[in-house]
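Only one structure is covered here, and it is reproduced in the block below.
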Amino acid sequence: MRRKIPSTTALVCFEAAARHESFTKASLELSSTQGAVCRQIASLEEFLNVELFRRSRRGVKLTEAGLSYSRRVATQLDAVERDTLSVMGQQGSNVIEVAVVPTFGTQWLLPRLKHFQALHPDITVNLTNRTRPFLFADTDFDAAIYFGDGEWSGTQAYALMMEAPVPVCSPATIANQPSLDAETLARMPLLQQSTRPYAWRQWFGSLGMNVSRDMTGPRYELFSMLAQAAMHDMGVALIPPFLIRRELEEGRLTVCNAHALTSTKAYHLMIPERKVESASLKAFQNWLTTEARGYTAQNQG
């Protein structure tokens with residue numbers, strides 16, 4: 001059955017004309033004539049049976065329907081362009097698409113990824129931020145790195161490393177004190193992470209404390225956001241030290257209590273069961289788990 005879709009040429013002309021609100025500027029951008037652009041948009045309006053522009057002697061103006069449609073068309077054309085460039089860029093190469101939780105990806109994985117590239121120059125690893133689980137069937141991802149219990153339907157889980165977050169803040173927050181006890185921390189502004197909503201409750205609970213305000217305070221989705229807020233004296237944050245190593249070494253953040261929160265959850269590499277036999281994914285999985293074990297052994301205790 002033939003799809004009810006207008007011509008791509010008409011859509012491209014419409015998107016350019018809508019963006020500029022000018023047929024003349026659209027024709028210049030597309031290296032076409034104004035008449036050709038006008039004809040394409042007229043054919044699109046006829047196809048849709050909807051007026052997209054109001055014409056006047058002063059020029060053209062998008063109608064409400066035209067404005068709404070232009071936003072949708074622009075989004076879809078951008079997606080088609082990205083997919084096209086992706087396919088063009090993959091010619092002759094072996095590419096794996098990995099979804100990764102952002103701060104782990106930028107602070108721990110990326111600095112080590114060059115070693116994988118050196119070992120496997122024929123494999124390209126693309127990383128995309130994803131903070132929460134998703135359905136692999138609905139995406140183009142070949143694997144994902146996430147923090148959790150390793151339960152993800154239809155996937156094989158490979159444990160990487162624990163988090164063990166500790167309370168950190170800016171040196172100015174604690175003045176000249178070497179550390180703060182848990183009772184003092186309980187009275188300070190607590191920075192919360194939306195993907196770890198019970199972190200502070202669990203941290204205080206591990207010390208046998210029941211703090212009524214352990215879930216109050218501003219919430220941020222990423223550890224990098226928590227780190228920035230802590231560096232700007234907004235409060236105390238629970239962050240794994242390996243994600244803020246540079247900030248700690250440079251003195252922009254300091255560990256204000258050495259007690260670490262232990263958890264049954266960990267970072268995992270998740271690979272869909274239908275792809276576990278992929279040679280490139282096996283190479284990535286072997287390298288990543290080896291790197292994680294080496295890092296844990298070097299830094300445990």
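A note on labels: chains of the structure tokens are A, B, ... as shown, every chain counts residues from 1, and ligands are counted from 1 in their shown order.
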Can I get the residues of range 141-181 of chain A within 10 Å of range 237-255 of chain A, each with the closest pair of atoms and their distance in Å to one decimal, using only C-alpha atoms, sorted chain first then ascending number, as a Markdown table?
```
| residue | atom | partner | partner_atom | distance |
| --- | --- | --- | --- | --- |
| A:Met162 | CA | A:Pro240 | CA | 9.0 |
| A:Glu163 | CA | A:Pro240 | CA | 5.4 |
| A:Ala164 | CA | A:Pro240 | CA | 5.6 |
| A:Pro165 | CA | A:Pro240 | CA | 3.7 |
| A:Val166 | CA | A:Leu238 | CA | 5.1 |
| A:Pro167 | CA | A:Leu238 | CA | 4.5 |
| A:Val168 | CA | A:Val255 | CA | 4.4 |
| A:Cys169 | CA | A:Leu253 | CA | 5.4 |
| A:Ser170 | CA | A:Leu253 | CA | 4.6 |
| A:Pro171 | CA | A:Thr254 | CA | 5.9 |
| A:Ala172 | CA | A:Leu253 | CA | 9.2 |
| A:Thr173 | CA | A:Thr254 | CA | 9.5 |
| A:Ile174 | CA | A:Thr254 | CA | 9.1 |
| A:Pro178 | CA | A:Val255 | CA | 8.9 |
| A:Ser179 | CA | A:Val255 | CA | 7.5 |
| A:Leu180 | CA | A:Val255 | CA | 9.3 |
```
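Residue nearest Val125 in chain A within the list A:Ser22, A:Asn257, A:Ser206, A:Ser280: A:Ser280 [criterion: smallest interatomic distance, only C-alpha atoms].
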Q | Residue set, range 18-262 of chain A restricted to alpha helix (DSSP H), as number ranges by chain | A | A: 18-20, 23-29, 34-48, 64-89, 102-104, 110-119, 182-185, 199-205, 223-231, 245-249
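Per DSSP on the backbone, strand (DSSP E or B) in range 145-199 of chain A comprises Ile145, Tyr146, Phe147, Gly148, Thr155, Gln156, Ala157, Tyr158, Ala159, Leu160, Met161, Val166, Pro167, Val168, Cys169, Leu190, Leu191, Gln192, Gln193 and Arg196 of chain A.
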**Q.** Between CA of Ala137 in chain A and CA of Leu269 in chain A - distance in Å to one decimal
**A.** 16.9 Å
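Proximity to Thr9 in chain A was assessed for A:Ser32, A:Thr24, A:Gln40, A:Glu291 counting only C-alpha atoms; the smallest distance is recorded for A:Gln40.
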(Q) Just want the 9 Å neighbourhood of Arg201 in chain A, counted on only C-alpha atoms, with same-chain residues fewer than 3 positions away dropped. Output as a list of chain:residue names. (A) A:Pro197, A:Tyr198, A:Phe204, A:Gly205, A:Ser206, A:Met209, A:Asn210, A:Val211, A:Ser212, A:Arg213, A:Asp214, A:Met215
Q: Show which residues sit within 9 Å of Val101 in chain A, as a PyMOL selection string. Count only C-alpha atoms, and ignore same-chain residues fewer than 3 positions away.
A: chain A and resi 104-106+128-132+144-147+222
Q.
Give me, as an NGL selection string, all polymer residues having an atom no more than 12 Å from range 111-115 of chain A, counting only C-alpha atoms and skipping those fewer than 4 positions away in the same chain.
A. :A and (103-107 or 119-121 or 123-127 or 243 or 284 or 287-288 or 290-292 or 295)
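Using only C-alpha atoms, the shortest contact distance between Ala10 in chain A and any of A:Met270, A:Ala283, A:Leu207, A:Val37 is found at A:Val37.
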Q: Could you please determine the separation between CA of Lys25 in chain A and CA of Thr8 in chain A in Å, to one decimal place?
A: 18.9 Å
**Q.** A:Gln177, A:Gln192, A:Ser70, A:Thr262 ranked by distance to Met234 in chain A, top pick (using only C-alpha atoms)
**A.** A:Gln192
Compile the contact shell of Val73 in chain A as a JSON list (two decimals) with C-alpha atoms, in the first residue's frame: residues with an atom at most 9 Å away, counting only C-alpha atoms, same-chain residues fewer than 5 positions apart removed.
```json
[["chain", "number", "residue", "atom", "x", "y", "z"],
["A", 11, "LEU", "CA", 9.16, 18.92, 2.49],
["A", 12, "VAL", "CA", 12.73, 20.23, 2.21],
["A", 14, "PHE", "CA", 8.79, 23.88, 3.04],
["A", 15, "GLU", "CA", 11.17, 23.43, 5.98],
["A", 68, "SER", "CA", 2.92, 23.30, 13.87],
["A", 78, "ASP", "CA", 16.90, 16.16, 11.18]]
```
